[in-house]
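Each remark here refers to the structure printed beneath this line.
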Number of protein chains: 2
Amino acid sequence: MRIATWNVNSVRIRQERLLAWLGRHQPDLLCLQELKAVEAEFPWQAVADAGYQAAVVGQKTYNGVAVLTKQPCEVLAKTWTHGDEDPQARLLDVRFGGVRVLSLYVPNGSEVDSDKFVYKRAWLDRLIDHLERTARPDELLALCGDFNIAPTDLDARNPAAWRDSVLCCDAIRGDWQRLLGWGLTDVVRQIHPTERLYSWWDYRNLGFIKNDGLRIDHVLATAPLAALAQTAFVDRDERKGGKPSDHAPVVVDFALPT
Amino acid sequence: MRIATWNVNSVRIRQERLLAWLGRHQPDLLCLQELKAVEAEFPWQAVADAGYQAAVVGQKTYNGVAVLTKQPCEVLAKTWTHGDEDPQARLLDVRFGGVRVLSLYVPNGSEVDSDKFVYKRAWLDRLIDHLERTARPDELLALCGDFNIAPTDLDARNPAAWRDSVLCCDAIRGDWQRLLGWGLTDVVRQIHPTERLYSWWDYRNLGFIKNDGLRIDHVLATAPLAALAQTAFVDRDERKGGKPSDHAPVVVDFALPT
DNA sequence: GTACCTGTTG
DNA sequence: CAACAGGTAC
């Protein structure tokens with residue numbers, strides 16, 4: 001079973017790229033983030049024509065997540081199932097082929113100590129709470145998405161330049177460790193323990209040309225699922241050419257029947 | 001010598017189309033209107049790479065005219081040479097290959113009797129004054145551009161619907177006749193005396209699909225130049241496809257050495 | 001830099 | 001409908 005995640009930064013602008021990418025890489029399940037579209041704007045027909053069904057949590061202008069699958073999947077939740085309502089569309093929780101999968105768009109956080117940074121950390125708290133309440137570390141479960149966290153200095157081309165940013169600062173890396181501590185493994189890092197891989201390059205300042213990248217898009221898996229991971233890669237080519245997303249897709253193959 | 005005129009409605013948005021069109025039709029001289037760009041935003045390099053030199057009168061957001069030529073041309077004026085300064089970039093007066101050519105963007109006029117309509121008629125007065133002061137009807141001279149005038153009912157698909165508009169009303173058609181009275185011939189109409197040809201279709205109300213067009217882009221020539229006109233056409237195909245200008249190019253071939 | 005918003009113009 | 005402005009977000 002091939003599982004992938006991609007922050008497409010507008011599913012409408014990226015529709016052609018998305019369909020071409022699905023055709024080339026044929027994931028069994030693809031998590032999308034930053035749709036920047038409400039459900040009515042989602043390209044349902046084109047995705048269906050490409051052989052995928054979609055579960056979508058839309059929002060105007062910002063956020064929005066989806067899960068595309070080749071076979072039907074069961075939607076478990078489109079928001080937190082406990083506590084106050086989250087006004088932002090950042091979570092989609094499904095079951096597919098015996099695996100539970102969450103498509104996640106963790107808040108960026110803007111500036112350290114800003115209101116948005118406080119919201120980011122609270123959001124990660126709620127994610128851990130959601131797992132504690134609804135999941136177990138011994139089931140087959142994957143968290144896929146844009147975490148807006150580069151876990152270590154290995155995950156940044158220029159660690160010093162990013163050290164104090166909302167993506168790399170100690171506080172957020174601490175939150176990352178707490179999340180993993182629930183019982184999750186960073187699958188790409190498990191497969192590639194020392195390789196410098198990046199999944200995001202800023203549109204500004206020639207980020208991609210200078211390869212000033214960060215690895216902030218991840219597939220986290222519980223131990224029994226992580227043990228089935230065979231291969232993993234970041235499709236850096238997808239950041240090239242005209243009108244790319246600022247993120248590249250992350251792909252993992254698991255030794256599971258589709 | 002092939003002379004053409006095209007209101008491109010933003011030279012930046014239309015850059016690809018412009019270069020492709022130059023490649024296909026190879027005019028010796030092309031007048032452009034509605035650049036909607038200042039000189040620094042003009043695609044100098046791409047135009048040069050396509051084998052053309054450019055004379056440009058830019059303006060931010062609105063207006064802006066240019067003349068593109070395969071050989072160097074002499075700029076005679078970038079605004080009125082007599083009277084008060086015109087704050088709008090609507091005129092470029094050049095000499096090329098023994099012919100004097102003006103690239104003109106006549107004001108639209110908005111609504112009849114509005115301030116903008118008064119400005120439109122005053123602008124046409126100044127154009128006639130400019131000719132009287134600087135040109136002679138017996139020289140080789142062409143006025144090319146978006147005149148925002150459909151001279152007769154033959155020049156509108158739905159004359160009745162447009163009769164009282166700023167493009168067709170009696171007052172503006174009177175101004176048109178005064179302009180021609182200086183000593184100019186409508187070359188496209190000379191070549192095609194009875195054909196319904198249109199050069200502009202509103203983006204709104206399915207204007208192009210319903211062919212609700214007007215002929216408002218023109219090539220006017222003095223008698224000695226008009227006598228050399230061989231063929232003329234409106235490139236209606238250029239209004240088709242993705243991201244077209246609302247205007248189509250108008251092309252005239254003259255029996256003159258290039 | 002890219003994409004979104006609202007508002008204006010034609 | 002399609003371009004602009006000026007704004008936000010990442």
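Chains: A, B, ... in order of the structure tokens. Residues: from 1 per chain. Ligands: from 1, in order shown.
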
If you count only C-alpha atoms (C1' of nucleotides), which residues fall within 6 Å of segment 213-229 of chain A, apart from same-chain ones fewer than 3 positions away, as a tab-separated table (two decimals) with N, CA and C atoms, in the first residue's frame?
chain	number	residue	atom	x	y	z
A	137	PRO	N	-1.48	3.07	20.35
A	137	PRO	CA	-0.19	2.93	19.66
A	137	PRO	C	0.03	1.56	19.06
A	140	LEU	N	-2.77	-0.02	13.56
A	140	LEU	CA	-2.14	0.48	12.33
A	140	LEU	C	-2.67	1.88	12.08
A	141	LEU	N	-1.81	2.88	12.33
A	141	LEU	CA	-2.25	4.27	12.23
A	141	LEU	C	-1.13	5.13	11.68
A	142	ALA	N	-1.52	6.06	10.78
A	142	ALA	CA	-0.55	6.99	10.21
A	142	ALA	C	-1.07	8.42	10.32
A	143	LEU	N	-0.18	9.34	10.70
A	143	LEU	CA	-0.46	10.77	10.65
A	143	LEU	C	0.33	11.33	9.47
A	144	CYS	N	-0.40	11.90	8.52
A	144	CYS	CA	0.25	12.39	7.31
A	144	CYS	C	-0.09	13.86	7.11
A	145	GLY	N	0.90	14.66	6.76
A	145	GLY	CA	0.54	16.04	6.45
A	145	GLY	C	1.69	17.00	6.58
A	146	ASP	N	1.28	18.27	6.55
A	146	ASP	CA	2.22	19.38	6.73
A	146	ASP	C	2.22	19.72	8.20
A	147	PHE	N	3.30	19.32	8.89
A	147	PHE	CA	3.38	19.56	10.34
A	147	PHE	C	3.98	20.91	10.67
A	148	ASN	N	4.52	21.61	9.68
A	148	ASN	CA	5.18	22.88	9.92
A	148	ASN	C	6.20	22.77	11.06
A	149	ILE	N	6.89	21.63	11.07
A	149	ILE	CA	7.98	21.37	12.03
A	149	ILE	C	9.11	20.65	11.30
A	150	ALA	N	10.31	21.22	11.39
A	150	ALA	CA	11.50	20.51	10.93
A	150	ALA	C	12.14	19.91	12.18
A	155	ASP	N	17.12	18.30	9.13
A	155	ASP	CA	15.94	18.54	8.29
A	155	ASP	C	15.89	19.96	7.73
A	156	ALA	N	17.02	20.66	7.82
A	156	ALA	CA	17.09	22.01	7.24
A	156	ALA	C	18.42	22.16	6.51
A	157	ARG	N	18.37	22.77	5.32
A	157	ARG	CA	19.60	22.99	4.57
A	157	ARG	C	20.49	24.00	5.29
A	183	GLY	N	3.72	7.42	20.68
A	183	GLY	CA	3.93	6.11	20.07
A	183	GLY	C	4.01	6.17	18.55
A	184	LEU	N	4.72	7.16	18.05
A	184	LEU	CA	4.80	7.34	16.60
A	184	LEU	C	6.25	7.37	16.13
A	185	THR	N	6.46	6.93	14.89
A	185	THR	CA	7.78	6.93	14.28
A	185	THR	C	7.75	7.78	13.01
A	186	ASP	N	8.78	8.59	12.82
A	186	ASP	CA	8.97	9.38	11.60
A	186	ASP	C	9.47	8.43	10.52
A	187	VAL	N	8.59	8.01	9.62
A	187	VAL	CA	8.89	6.91	8.71
A	187	VAL	C	9.97	7.28	7.69
A	198	TYR	N	14.35	17.43	1.95
A	198	TYR	CA	13.49	18.58	2.22
A	198	TYR	C	12.19	18.42	1.45
A	199	SER	N	11.12	18.96	2.02
A	199	SER	CA	9.80	18.85	1.36
A	199	SER	C	9.19	20.22	1.06
A	200	TRP	N	9.84	21.27	1.53
A	200	TRP	CA	9.30	22.64	1.33
A	200	TRP	C	10.44	23.61	1.09
A	201	TRP	N	10.22	24.49	0.11
A	201	TRP	CA	11.16	25.57	-0.20
A	201	TRP	C	10.33	26.83	-0.39
A	253	ASP	N	5.86	3.53	0.88
A	253	ASP	CA	5.26	2.24	0.52
A	253	ASP	C	5.30	1.31	1.72
A	254	PHE	N	4.15	0.74	2.05
A	254	PHE	CA	4.02	-0.19	3.16
A	254	PHE	C	3.73	-1.59	2.62
A	255	ALA	N	4.27	-2.57	3.32
A	255	ALA	CA	4.02	-3.97	2.94
A	255	ALA	C	2.66	-4.39	3.48

Neighbours of chain C in chain B at 9 Å, counting only C-alpha atoms (C1' of nucleotides), as a list in words: Asn108, Ser110 and Asp202 of chain B

Who sits within 10 Å of Arg100 of chain A, only C-alpha atoms (C1' of nucleotides), same chain under 2 positions skipped, as number ranges by chain: A: 73-76, 93-98, 102, 135, 139-143, 221

Using all heavy atoms, can you write the selected residues to a file as a tab-separated table (two decimals), in the first residue's frame?
chain	number	residue	atom	x	y	z
A	73	CYS	N	-13.27	4.77	1.34
A	73	CYS	CA	-12.74	4.81	2.69
A	73	CYS	C	-13.79	5.40	3.62
A	73	CYS	O	-14.69	6.11	3.19
A	73	CYS	CB	-11.42	5.58	2.75
A	73	CYS	SG	-11.58	7.34	2.90
A	74	GLU	N	-13.66	5.08	4.89
A	74	GLU	CA	-14.65	5.49	5.88
A	74	GLU	C	-14.16	6.75	6.60
A	74	GLU	O	-13.04	6.76	7.13
A	74	GLU	CB	-14.83	4.35	6.90
A	74	GLU	CG	-15.79	4.67	8.03
A	74	GLU	CD	-15.71	3.61	9.14
A	74	GLU	OE1	-14.95	2.63	9.01
A	74	GLU	OE2	-16.42	3.80	10.14
A	75	VAL	N	-14.96	7.78	6.58
A	75	VAL	CA	-14.59	9.01	7.29
A	75	VAL	C	-14.96	8.87	8.76
A	75	VAL	O	-16.12	8.65	9.10
A	75	VAL	CB	-15.30	10.24	6.68
A	75	VAL	CG1	-15.02	11.47	7.53
A	75	VAL	CG2	-14.84	10.46	5.25
A	76	LEU	N	-13.94	8.99	9.62
A	76	LEU	CA	-14.18	8.86	11.07
A	76	LEU	C	-14.46	10.21	11.70
A	76	LEU	O	-15.27	10.32	12.61
A	76	LEU	CB	-12.96	8.22	11.74
A	76	LEU	CG	-12.57	6.83	11.23
A	76	LEU	CD1	-11.31	6.34	11.95
A	76	LEU	CD2	-13.71	5.84	11.40
A	93	ASP	N	-9.88	12.48	9.41
A	93	ASP	CA	-9.53	11.23	10.09
A	93	ASP	C	-10.33	10.12	9.41
A	93	ASP	O	-11.56	10.14	9.45
A	93	ASP	CB	-9.92	11.40	11.57
A	93	ASP	CG	-9.40	10.30	12.48
A	93	ASP	OD1	-8.95	9.26	11.97
A	93	ASP	OD2	-9.46	10.50	13.71
A	94	VAL	N	-9.62	9.18	8.76
A	94	VAL	CA	-10.32	8.14	7.99
A	94	VAL	C	-9.77	6.75	8.31
A	94	VAL	O	-8.70	6.61	8.90
A	94	VAL	CB	-10.20	8.39	6.46
A	94	VAL	CG1	-10.63	9.81	6.09
A	94	VAL	CG2	-8.79	8.10	5.97
A	95	ARG	N	-10.53	5.76	7.87
A	95	ARG	CA	-10.05	4.38	7.91
A	95	ARG	C	-10.07	3.85	6.48
A	95	ARG	O	-11.05	4.05	5.76
A	95	ARG	CB	-10.93	3.51	8.82
A	95	ARG	CG	-10.46	2.06	8.93
A	95	ARG	CD	-11.30	1.25	9.91
A	95	ARG	NE	-11.36	1.87	11.23
A	95	ARG	CZ	-10.37	1.84	12.13
A	95	ARG	NH1	-9.24	1.22	11.85
A	95	ARG	NH2	-10.53	2.42	13.29
A	96	PHE	N	-8.97	3.22	6.09
A	96	PHE	CA	-8.84	2.73	4.71
A	96	PHE	C	-7.99	1.48	4.68
A	96	PHE	O	-6.84	1.50	5.15
A	96	PHE	CB	-8.19	3.82	3.83
A	96	PHE	CG	-7.88	3.36	2.43
A	96	PHE	CD1	-8.89	3.25	1.48
A	96	PHE	CD2	-6.58	3.02	2.07
A	96	PHE	CE1	-8.60	2.84	0.19
A	96	PHE	CE2	-6.29	2.60	0.77
A	96	PHE	CZ	-7.31	2.51	-0.16
A	97	GLY	N	-8.56	0.42	4.17
A	97	GLY	CA	-7.80	-0.82	3.99
A	97	GLY	C	-7.15	-1.32	5.28
A	97	GLY	O	-6.01	-1.78	5.27
A	98	GLY	N	-7.89	-1.17	6.38
A	98	GLY	CA	-7.37	-1.68	7.65
A	98	GLY	C	-6.40	-0.74	8.35
A	98	GLY	O	-5.87	-1.06	9.41
A	102	LEU	N	-4.73	9.97	9.23
A	102	LEU	CA	-5.15	11.35	9.45
A	102	LEU	C	-4.39	12.25	8.47
A	102	LEU	O	-3.16	12.18	8.38
A	102	LEU	CB	-4.86	11.80	10.89
A	102	LEU	CG	-5.85	11.32	11.97
A	102	LEU	CD1	-5.61	9.86	12.29
A	102	LEU	CD2	-5.75	12.19	13.21
A	135	ALA	N	-7.35	6.60	19.81
A	135	ALA	CA	-6.46	5.66	19.12
A	135	ALA	C	-5.57	4.93	20.12
A	135	ALA	O	-5.53	5.29	21.30
A	135	ALA	CB	-5.59	6.40	18.11
A	139	GLU	N	-2.28	-0.03	17.21
A	139	GLU	CA	-3.06	-0.24	15.98
A	139	GLU	C	-2.29	0.30	14.77
A	139	GLU	O	-1.28	0.99	14.92
A	139	GLU	CB	-4.44	0.42	16.09
A	139	GLU	CG	-4.42	1.93	16.20
A	139	GLU	CD	-5.82	2.55	16.27
A	139	GLU	OE1	-6.72	2.09	15.55
A	139	GLU	OE2	-6.01	3.52	17.04
A	140	LEU	N	-2.77	-0.02	13.56
A	140	LEU	CA	-2.14	0.48	12.33
A	140	LEU	C	-2.67	1.88	12.08
A	140	LEU	O	-3.83	2.06	11.69
A	140	LEU	CB	-2.47	-0.44	11.15
A	140	LEU	CG	-1.95	-1.88	11.23
A	140	LEU	CD1	-2.40	-2.69	10.01
A	140	LEU	CD2	-0.43	-1.91	11.37
A	141	LEU	N	-1.81	2.88	12.33
A	141	LEU	CA	-2.25	4.27	12.23
A	141	LEU	C	-1.13	5.13	11.68
A	141	LEU	O	0.04	4.98	12.05
A	141	LEU	CB	-2.68	4.77	13.62
A	141	LEU	CG	-3.16	6.22	13.73
A	141	LEU	CD1	-4.24	6.33	14.79
A	141	LEU	CD2	-2.03	7.18	14.05
A	142	ALA	N	-1.52	6.06	10.78
A	142	ALA	CA	-0.55	6.99	10.21
A	142	ALA	C	-1.07	8.42	10.32
A	142	ALA	O	-2.25	8.68	10.06
A	142	ALA	CB	-0.28	6.65	8.75
A	143	LEU	N	-0.18	9.34	10.70
A	143	LEU	CA	-0.46	10.77	10.65
A	143	LEU	C	0.33	11.33	9.47
A	143	LEU	O	1.56	11.24	9.46
A	143	LEU	CB	0.00	11.45	11.95
A	143	LEU	CG	-0.98	11.57	13.11
A	143	LEU	CD1	-1.58	10.22	13.45
A	143	LEU	CD2	-0.31	12.18	14.32
A	221	ALA	N	4.01	7.02	11.84
A	221	ALA	CA	3.27	5.76	11.95
A	221	ALA	C	3.49	5.13	13.31
A	221	ALA	O	4.55	5.28	13.92
A	221	ALA	CB	3.72	4.79	10.85

Segment 2-228 of chain B: residues DSSP assigns to alpha helix (DSSP H), reported as JSON, numbers by chain: {"B": [15, 16, 17, 18, 19, 20, 21, 22, 23, 24, 25, 44, 45, 46, 47, 48, 49, 115, 116, 117, 118, 119, 120, 121, 122, 123, 124, 125, 126, 127, 128, 129, 130, 131, 132, 133, 134, 159, 160, 161, 162, 170, 171, 172, 173, 174, 175, 176, 177, 178, 179, 180, 181, 187, 188, 189, 190, 191, 223, 224, 225, 226]}

At most 12 Å to chain A: residues in chain D, only C-alpha atoms (C1' of nucleotides), as a list in words: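 Applying the cut-off to the listed atoms yields DT8, DA9 and DC10 of chain D.
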
Got a sec: who's within 10 Å of segment 13-26 of chain B, counting only C-alpha atoms (C1' of nucleotides), leaving out chain neighbours fewer than 2 positions off, as a PDB file with C-alpha atoms (C1' of nucleotides), in the first residue's frame?
ATOM      1  CA  ARG B   2       2.691  44.827 -43.105  1.00  0.00           C
ATOM      2  CA  ILE B   3       1.263  47.166 -40.461  1.00  0.00           C
ATOM      3  CA  ALA B   4      -0.895  45.905 -37.600  1.00  0.00           C
ATOM      4  CA  TRP B   6      -3.741  45.433 -31.363  1.00  0.00           C
ATOM      5  CA  VAL B   8      -3.553  43.830 -25.873  1.00  0.00           C
ATOM      6  CA  ASN B   9      -5.244  44.777 -22.568  1.00  0.00           C
ATOM      7  CA  SER B  10      -2.107  44.326 -20.413  1.00  0.00           C
ATOM      8  CA  VAL B  11       1.155  43.562 -22.165  1.00  0.00           C
ATOM      9  CA  ASP B  28       6.918  44.986 -40.051  1.00  0.00           C
ATOM     10  CA  LEU B  29       5.279  47.353 -37.590  1.00  0.00           C
ATOM     11  CA  LEU B  30       2.819  46.612 -34.789  1.00  0.00           C
ATOM     12  CA  LEU B  32      -0.051  48.226 -29.275  1.00  0.00           C
ATOM     13  CA  LEU B  35      -0.184  48.146 -22.122  1.00  0.00           C
ATOM     14  CA  LYS B  36      -1.266  48.815 -18.511  1.00  0.00           C
ATOM     15  CA  PHE B  42       7.519  46.206 -20.488  1.00  0.00           C
ATOM     16  CA  PRO B  43       8.973  42.861 -21.716  1.00  0.00           C
ATOM     17  CA  ALA B  46      11.429  38.971 -24.847  1.00  0.00           C
ATOM     18  CA  VAL B  47      10.377  41.379 -27.602  1.00  0.00           C
ATOM     19  CA  ASP B  49      14.508  38.093 -28.686  1.00  0.00           C
ATOM     20  CA  ALA B  50      11.519  37.870 -31.034  1.00  0.00           C
ATOM     21  CA  GLY B  51      13.359  40.186 -33.429  1.00  0.00           C
ATOM     22  CA  TYR B  52      11.595  43.452 -32.677  1.00  0.00           C
ATOM     23  CA  LEU B  68       7.161  47.403 -32.346  1.00  0.00           C
ATOM     24  CA  THR B  69       9.265  47.299 -35.507  1.00  0.00           C
ATOM     25  CA  LYS B  70      11.674  44.903 -37.156  1.00  0.00           C
ATOM     26  CA  ASP B 235      -7.415  38.178 -36.733  1.00  0.00           C
ATOM     27  CA  GLU B 238      -6.723  35.727 -31.495  1.00  0.00           C
ATOM     28  CA  GLY B 242      -7.434  30.957 -22.889  1.00  0.00           C
ATOM     29  CA  LYS B 243      -6.822  34.466 -21.569  1.00  0.00           C
ATOM     30  CA  PRO B 244      -7.420  36.437 -24.772  1.00  0.00           C
ATOM     31  CA  SER B 245      -7.463  40.194 -25.000  1.00  0.00           C
ATOM     32  CA  PRO B 249      -5.455  42.433 -34.053  1.00  0.00           C
ATOM     33  CA  VAL B 251      -3.623  43.774 -40.096  1.00  0.00           C
TER      34      VAL B 251
ATOM     35  C1'  DA D   3      -7.556  43.355 -15.680  1.00  0.00           C
TER      36       DA D   3
END
